[in-house]
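Asks: Below is final_13.json; it holds JSON, C-alpha atoms.
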```json
[["chain", "number", "residue", "atom", "x", "y", "z"],
["A", 1, "MET", "CA", -94.11, 140.31, -82.98],
["A", 2, "LYS", "CA", -96.33, 143.33, -82.30],
["A", 3, "LYS", "CA", -94.45, 145.35, -84.92],
["A", 4, "ILE", "CA", -94.96, 142.59, -87.49],
["A", 5, "LEU", "CA", -98.68, 142.51, -86.68],
["A", 6, "ILE", "CA", -98.96, 146.29, -87.13],
["A", 7, "ILE", "CA", -97.09, 146.11, -90.44],
["A", 8, "ALA", "CA", -99.33, 143.28, -91.61],
["A", 9, "VAL", "CA", -102.50, 145.20, -90.75],
["A", 10, "MET", "CA", -101.25, 148.28, -92.58],
["A", 11, "CYS", "CA", -100.27, 146.24, -95.62],
["A", 12, "LEU", "CA", -103.61, 144.46, -95.79],
["A", 13, "ILE", "CA", -105.62, 147.64, -95.36],
["A", 14, "GLY", "CA", -103.42, 149.51, -97.81],
["A", 15, "MET", "CA", -103.73, 146.82, -100.46],
["A", 16, "GLY", "CA", -107.36, 147.75, -100.82],
["A", 17, "ALA", "CA", -109.33, 144.70, -99.75],
["A", 18, "MET", "CA", -112.16, 146.92, -98.58],
["A", 19, "ALA", "CA", -113.12, 150.57, -98.88],
["A", 20, "GLN", "CA", -115.64, 153.13, -97.71],
["A", 21, "GLY", "CA", -118.18, 154.34, -100.21],
["A", 22, "LYS", "CA", -117.76, 158.00, -101.23],
["A", 23, "LYS", "CA", -120.23, 160.74, -101.96],
["A", 24, "GLY", "CA", -119.64, 162.32, -105.34],
["A", 25, "LYS", "CA", -120.23, 165.98, -106.18],
["A", 26, "GLY", "CA", -123.92, 166.68, -106.45],
["A", 27, "ALA", "CA", -124.81, 163.12, -105.45],
["A", 28, "GLU", "CA", -127.64, 162.56, -102.99],
["A", 29, "ALA", "CA", -126.25, 159.33, -101.56],
["A", 30, "PRO", "CA", -122.86, 157.59, -101.28],
["A", 31, "VAL", "CA", -121.84, 155.52, -104.27],
["A", 32, "PRO", "CA", -122.29, 151.84, -103.28],
["A", 33, "MET", "CA", -119.10, 149.81, -103.30],
["A", 34, "TYR", "CA", -120.73, 146.38, -103.57],
["A", 35, "GLU", "CA", -123.79, 144.68, -105.00],
["A", 36, "VAL", "CA", -124.11, 142.71, -101.75],
["A", 37, "LYS", "CA", -125.66, 144.47, -98.73],
["A", 38, "SER", "CA", -123.65, 142.72, -96.02],
["A", 39, "GLY", "CA", -121.18, 139.92, -95.63],
["A", 40, "ILE", "CA", -118.05, 138.42, -94.13],
["A", 41, "VAL", "CA", -114.93, 137.74, -96.20],
["A", 42, "THR", "CA", -112.24, 135.47, -94.72],
["A", 43, "MET", "CA", -108.82, 135.99, -96.28],
["A", 44, "GLU", "CA", -105.34, 134.62, -95.69],
["A", 45, "MET", "CA", -101.91, 136.13, -96.19],
["A", 46, "ASP", "CA", -98.40, 134.77, -95.68],
["A", 47, "MET", "CA", -96.25, 137.31, -93.83],
["A", 48, "MET", "CA", -92.61, 136.28, -93.55],
["A", 49, "GLY", "CA", -93.59, 132.62, -93.20],
["A", 50, "ARG", "CA", -96.42, 133.31, -90.77],
["A", 51, "LYS", "CA", -100.06, 132.89, -91.75],
["A", 52, "ILE", "CA", -102.31, 135.86, -91.05],
["A", 53, "VAL", "CA", -106.08, 135.42, -91.14],
["A", 54, "GLN", "CA", -108.19, 138.47, -91.92],
["A", 55, "GLU", "CA", -111.97, 138.66, -91.54],
["A", 56, "ILE", "CA", -113.61, 141.58, -93.33],
["A", 57, "TYR", "CA", -117.10, 142.58, -92.18],
["A", 58, "PHE", "CA", -119.22, 144.97, -94.24],
["A", 59, "ASP", "CA", -122.75, 146.35, -94.25],
["A", 60, "ASP", "CA", -124.83, 148.91, -96.16],
["A", 61, "TYR", "CA", -123.24, 147.82, -99.45],
["A", 62, "GLY", "CA", -119.73, 148.62, -98.20],
["A", 63, "ALA", "CA", -120.44, 151.95, -96.48],
["A", 64, "LYS", "CA", -119.62, 150.29, -93.13],
["A", 65, "GLN", "CA", -116.52, 148.10, -92.90],
["A", 66, "ALA", "CA", -114.23, 146.54, -90.31],
["A", 67, "THR", "CA", -111.24, 144.22, -90.55],
["A", 68, "ILE", "CA", -110.40, 141.70, -87.83],
["A", 69, "MET", "CA", -106.86, 140.31, -87.88],
["A", 70, "LYS", "CA", -105.80, 137.02, -86.27],
["A", 71, "PHE", "CA", -102.06, 136.46, -85.95],
["A", 72, "GLN", "CA", -100.27, 134.04, -83.61],
["A", 73, "GLY", "CA", -102.96, 134.24, -80.95],
["A", 74, "LYS", "CA", -103.37, 138.01, -81.28],
["A", 75, "LYS", "CA", -106.62, 139.61, -82.43],
["A", 76, "MET", "CA", -106.93, 143.19, -83.67],
["A", 77, "ARG", "CA", -109.80, 145.13, -85.26],
["A", 78, "ALA", "CA", -109.26, 147.89, -87.82],
["A", 79, "ILE", "CA", -111.92, 150.43, -88.79],
["A", 80, "ASP", "CA", -112.14, 153.77, -90.56],
["A", 81, "VAL", "CA", -112.73, 156.76, -88.27],
["A", 82, "LYS", "CA", -113.17, 160.07, -90.11],
["A", 83, "GLY", "CA", -110.90, 158.95, -92.93],
["A", 84, "GLU", "CA", -108.15, 157.51, -90.69],
["A", 85, "ASN", "CA", -107.30, 153.84, -90.14],
["A", 86, "VAL", "CA", -107.65, 152.90, -86.46],
["A", 87, "MET", "CA", -106.36, 149.55, -85.18],
["A", 88, "ILE", "CA", -108.19, 148.49, -82.01],
["A", 89, "ASP", "CA", -107.20, 145.99, -79.32],
["A", 90, "ASP", "CA", -110.62, 145.39, -77.78],
["A", 91, "GLU", "CA", -109.24, 143.08, -75.08],
["A", 92, "ASN", "CA", -106.79, 145.66, -73.73],
["A", 93, "LYS", "CA", -108.99, 148.66, -74.62],
["A", 94, "THR", "CA", -106.32, 150.48, -76.62],
["A", 95, "ALA", "CA", -106.17, 151.75, -80.19],
["A", 96, "ILE", "CA", -103.65, 153.17, -82.66],
["A", 97, "LYS", "CA", -104.30, 155.60, -85.51],
["A", 98, "MET", "CA", -102.12, 154.48, -88.39],
["A", 99, "PRO", "CA", -100.57, 156.38, -91.30],
["A", 100, "ALA", "CA", -101.16, 155.09, -94.81],
["A", 101, "MET", "CA", -97.62, 153.80, -95.44],
["A", 102, "GLY", "CA", -97.26, 155.94, -98.54],
["A", 103, "MET", "CA", -100.33, 154.46, -100.21],
["A", 104, "THR", "CA", -103.35, 156.38, -101.37],
["A", 105, "ASN", "CA", -106.34, 156.10, -99.04],
["A", 106, "GLU", "CA", -108.78, 156.37, -101.92],
["A", 107, "LYS", "CA", -109.92, 152.87, -102.86],
["A", 108, "ILE", "CA", -111.23, 151.83, -106.25],
["A", 109, "ASN", "CA", -114.94, 151.32, -106.76],
["A", 110, "PHE", "CA", -115.16, 148.51, -109.31],
["A", 111, "LEU", "CA", -118.89, 149.11, -109.77],
["A", 112, "ASP", "CA", -118.06, 152.53, -111.22],
["A", 113, "LYS", "CA", -117.70, 151.84, -114.94],
["A", 114, "SER", "CA", -117.20, 155.50, -115.87],
["A", 115, "GLU", "CA", -114.41, 156.46, -118.25],
["A", 116, "LYS", "CA", -113.00, 158.78, -115.58],
["A", 117, "ASN", "CA", -112.65, 155.95, -113.05],
["A", 118, "ILE", "CA", -111.14, 153.56, -115.60],
["A", 119, "LYS", "CA", -108.57, 156.08, -116.86],
["A", 120, "LYS", "CA", -107.65, 157.38, -113.41],
["A", 121, "ASN", "CA", -106.92, 153.92, -112.01],
["A", 122, "LYS", "CA", -105.72, 152.37, -115.29],
["A", 123, "ILE", "CA", -108.24, 149.55, -114.90],
["A", 124, "LYS", "CA", -107.88, 146.69, -117.37],
["A", 125, "GLU", "CA", -110.10, 143.61, -117.42],
["A", 126, "LEU", "CA", -108.17, 140.34, -117.72],
["A", 127, "GLY", "CA", -110.81, 137.62, -117.77],
["A", 128, "THR", "CA", -112.46, 135.59, -115.01],
["A", 129, "GLU", "CA", -111.37, 133.12, -112.34],
["A", 130, "ILE", "CA", -113.02, 131.25, -109.47],
["A", 131, "ILE", "CA", -111.91, 132.46, -106.02],
["A", 132, "ALA", "CA", -113.50, 131.03, -102.86],
["A", 133, "GLY", "CA", -116.24, 129.51, -104.99],
["A", 134, "LYS", "CA", -117.20, 132.84, -106.58],
["A", 135, "GLU", "CA", -116.70, 133.79, -110.23],
["A", 136, "CYS", "CA", -114.47, 136.86, -110.12],
["A", 137, "THR", "CA", -113.35, 139.31, -112.78],
["A", 138, "LYS", "CA", -109.59, 139.80, -112.76],
["A", 139, "TYR", "CA", -108.29, 143.35, -113.24],
["A", 140, "SER", "CA", -104.95, 145.08, -113.33],
["A", 141, "VAL", "CA", -104.93, 148.54, -111.72],
["A", 142, "ALA", "CA", -102.41, 151.24, -110.87],
["A", 143, "VAL", "CA", -101.87, 152.04, -107.19],
["A", 144, "PHE", "CA", -99.61, 154.56, -105.45],
["A", 145, "MET", "CA", -97.25, 152.87, -103.00],
["A", 146, "MET", "CA", -94.02, 154.00, -101.34],
["A", 147, "GLY", "CA", -93.76, 157.05, -103.59],
["A", 148, "GLN", "CA", -94.27, 155.21, -106.84],
["A", 149, "VAL", "CA", -97.06, 153.91, -109.04],
["A", 150, "VAL", "CA", -97.11, 150.10, -109.24],
["A", 151, "LYS", "CA", -99.35, 147.55, -110.93],
["A", 152, "GLN", "CA", -101.68, 145.52, -108.77],
["A", 153, "PHE", "CA", -103.83, 142.57, -109.78],
["A", 154, "VAL", "CA", -107.24, 142.15, -108.16],
["A", 155, "TRP", "CA", -109.98, 139.55, -108.43],
["A", 156, "VAL", "CA", -113.41, 141.11, -107.88],
["A", 157, "TYR", "CA", -116.86, 139.62, -107.20],
["A", 158, "LYS", "CA", -119.84, 142.02, -107.22],
["A", 159, "GLY", "CA", -117.45, 144.86, -106.32],
["A", 160, "ILE", "CA", -115.79, 142.87, -103.51],
["A", 161, "THR", "CA", -112.08, 142.14, -103.84],
["A", 162, "LEU", "CA", -111.43, 138.47, -103.06],
["A", 163, "LYS", "CA", -107.79, 138.29, -104.07],
["A", 164, "THR", "CA", -104.89, 140.72, -104.55],
["A", 165, "ALA", "CA", -101.33, 140.38, -105.82],
["A", 166, "ILE", "CA", -98.64, 143.04, -106.09],
["A", 167, "SER", "CA", -94.87, 143.24, -106.61],
["A", 168, "THR", "CA", -92.89, 145.72, -104.48],
["A", 169, "ASP", "CA", -89.28, 146.40, -103.51],
["A", 170, "PHE", "CA", -90.04, 144.34, -100.40],
["A", 171, "GLY", "CA", -91.07, 141.33, -102.49],
["A", 172, "GLU", "CA", -94.31, 139.76, -103.62],
["A", 173, "MET", "CA", -97.36, 140.56, -101.51],
["A", 174, "GLY", "CA", -100.85, 139.20, -101.78],
["A", 175, "MET", "CA", -103.87, 137.72, -100.07],
["A", 176, "ALA", "CA", -106.77, 135.54, -101.12],
["A", 177, "ALA", "CA", -110.22, 134.79, -99.78],
["A", 178, "THR", "CA", -111.03, 131.34, -98.48],
["A", 179, "SER", "CA", -114.73, 132.13, -98.03],
["A", 180, "LEU", "CA", -117.40, 134.78, -98.54],
["A", 181, "VAL", "CA", -120.69, 134.66, -96.65],
["A", 182, "GLU", "CA", -123.29, 137.00, -98.15],
["A", 183, "ASP", "CA", -126.26, 138.83, -96.61],
["A", 184, "VAL", "CA", -125.63, 138.16, -92.92],
["A", 185, "GLU", "CA", -126.49, 140.32, -89.92],
["A", 186, "ILE", "CA", -123.44, 142.22, -88.61],
["A", 187, "PRO", "CA", -123.57, 143.73, -85.08],
["A", 188, "ALA", "CA", -123.47, 147.56, -85.22],
["A", 189, "GLU", "CA", -120.62, 147.73, -82.67],
["A", 190, "THR", "CA", -118.31, 145.98, -85.15],
["A", 191, "PHE", "CA", -117.88, 149.25, -87.03],
["A", 192, "VAL", "CA", -117.39, 151.73, -84.19],
["A", 193, "LEU", "CA", -114.69, 152.79, -81.74],
["A", 194, "PRO", "CA", -115.69, 151.84, -78.15],
["A", 195, "GLU", "CA", -116.35, 154.73, -75.78],
["A", 196, "GLY", "CA", -113.56, 155.63, -73.40],
["A", 197, "ILE", "CA", -110.88, 153.71, -75.29],
["A", 198, "LYS", "CA", -107.37, 155.18, -75.31],
["A", 199, "VAL", "CA", -106.21, 156.10, -78.83],
["A", 200, "GLN", "CA", -102.53, 156.67, -79.69],
["A", 201, "GLN", "CA", -101.28, 158.35, -82.87],
["A", 202, "MET", "CA", -98.54, 156.51, -84.76],
["A", 203, "SER", "CA", -96.28, 159.19, -86.22],
["A", 204, "GLN", "CA", -94.83, 157.06, -89.02],
["A", 205, "PRO", "CA", -95.07, 153.54, -90.41],
["A", 206, "PRO", "CA", -92.92, 150.98, -88.57],
["A", 207, "MET", "CA", -91.20, 149.96, -91.82],
["A", 208, "MET", "CA", -89.76, 153.49, -92.01],
["A", 209, "GLY", "CA", -88.75, 153.64, -88.36],
["A", 210, "GLY", "CA", -85.98, 151.10, -88.06],
["A", 211, "GLY", "CA", -87.26, 148.00, -89.81],
["A", 212, "PHE", "CA", -88.83, 145.01, -88.10]]
```
Using structure tokens, write down the structure that the file contains.

Replies:
Amino acid sequence: MKKILIIAVMCLIGMGAMAQGKKGKGAEAPVPMYEVKSGIVTMEMDMMGRKIVQEIYFDDYGAKQATIMKFQGKKMRAIDVKGENVMIDDENKTAIKMPAMGMTNEKINFLDKSEKNIKKNKIKELGTEIIAGKECTKYSVAVFMMGQVVKQFVWVYKGITLKTAISTDFGEMGMAATSLVEDVEIPAETFVLPEGIKVQQMSQPPMMGGGF
């Protein structure tokens, strides 16, 4: 079950639900990812018949982000530490640095309407749809996964992805928000690695190391 949880976390992070803002060349401040300063997104995903609940916390317009996974009584927290995904078990005070499972770590900023961003990610607007009570713009984008470029569909509200859908060799994958709470106070410790915690380095994704 632990392997399945790790795979699920990696899939959800890799599918681009949230992303760190980046500083462009010559820019004085990071490019904001969202139009909302802070919030909590609750999302659900079906993983091999098991429901996984994901809570995404963000602050500073997406510059700070953390993902909390709930799966069959287990609870894990994933954050970005110096460009690496770190999955934290706060209860047992352990953590794992995870590889990117063959997916690009650079997430798409949907607030960036530049021609360069649109061409690079093959962004196409496909209309609007209500997700979790929010009017979202639906896009198709190109993402790099498992050594190939595949099409992904995303539903975006003020820069925040509230739904994703993608077809892979492993089958259909996707997740959708059930709620979004905007402009809430998020504790600072949500986004940091606790002091003194033991961190292990995962050498390769579990999918590539012998299956489930």

Asks: Pull the neighbourhood of (-121.6, 148.2, -97.9) for me: all residues within 8 Å in file coordinates, counting only C-alpha atoms, as a ChimeraX atom specification.

Replies: /A:20-21,32-34,36-38,58-65

Asks: Can you tell me which residues surround Lys82 of chain A at a distance of at most 12 Å, considering all atoms listed in the file, apart from same-chain residues fewer than 2 positions away, and format the answer as a ChimeraX atom specification?

Replies: /A:20,79-80,84-86,97,105,192-193

Asks: Write out as a ChimeraX atom specification which residues come within 12 Å of Asn92 of chain A when counting only C-alpha atoms, dropping same-chain ones fewer than 2 positions away.

Replies: /A:74-77,88-90,94-95,194,197-199

Asks: Go through A:Val143, A:Met87, A:Ile68, A:Val149 and flag the residue nearest Ile52 of chain A, using all atoms listed in the file for the distances.

Replies: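 Ranked by minimum distance to Ile52 of chain A, first place goes to A:Ile68.
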
Asks: When distances are computed from all atoms listed in the file, which of A:Leu111, A:Ile186, A:Met173, A:Leu180 shows the smallest separation from Ala132 of chain A?

Replies: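 Ranking A:Leu111, A:Ile186, A:Met173, A:Leu180 by distance to Ala132 of chain A, first place goes to A:Leu180.
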
Asks: Please report the interatomic distance between atom CA of Lys134 of chain A and atom CA of Tyr157 of chain A in Å with one decimal.

Replies: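 According to the coordinates, atom CA of Lys134 of chain A and atom CA of Tyr157 of chain A are separated by 6.8 Å.
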
Asks: Tell me, as a PyMOL selection string, which residues lie within 6 Å of segment 151-156 of chain A, counting only C-alpha atoms; anything in the same chain fewer than 2 positions away does not count.

Replies: chain A and resi 136-142+159-166

Asks: Record the distance separating atom CA of Asp46 of chain A and atom CA of Val181 of chain A, expressed in Å with one decimal.

Replies: 22.3 Å

Asks: How many Å lie between atom CA of Met202 of chain A and atom CA of Val41 of chain A, rounded to one decimal?

Replies: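 These atoms are spaced 27.4 Å apart.
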
Asks: Please list as a ChimeraX atom specification every residue within 10 Å of Pro187 of chain A, counting only C-alpha atoms and excluding residues in the same chain fewer than 3 positions away.

Replies: /A:57,59,184,190-191

Asks: Find the residue from A:Glu125, A:Gln201, A:Gly196, A:Lys158 that sits nearest to Lys93 of chain A; use only C-alpha atoms when measuring.

Replies: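 Nearest to Lys93 of chain A: A:Gly196.
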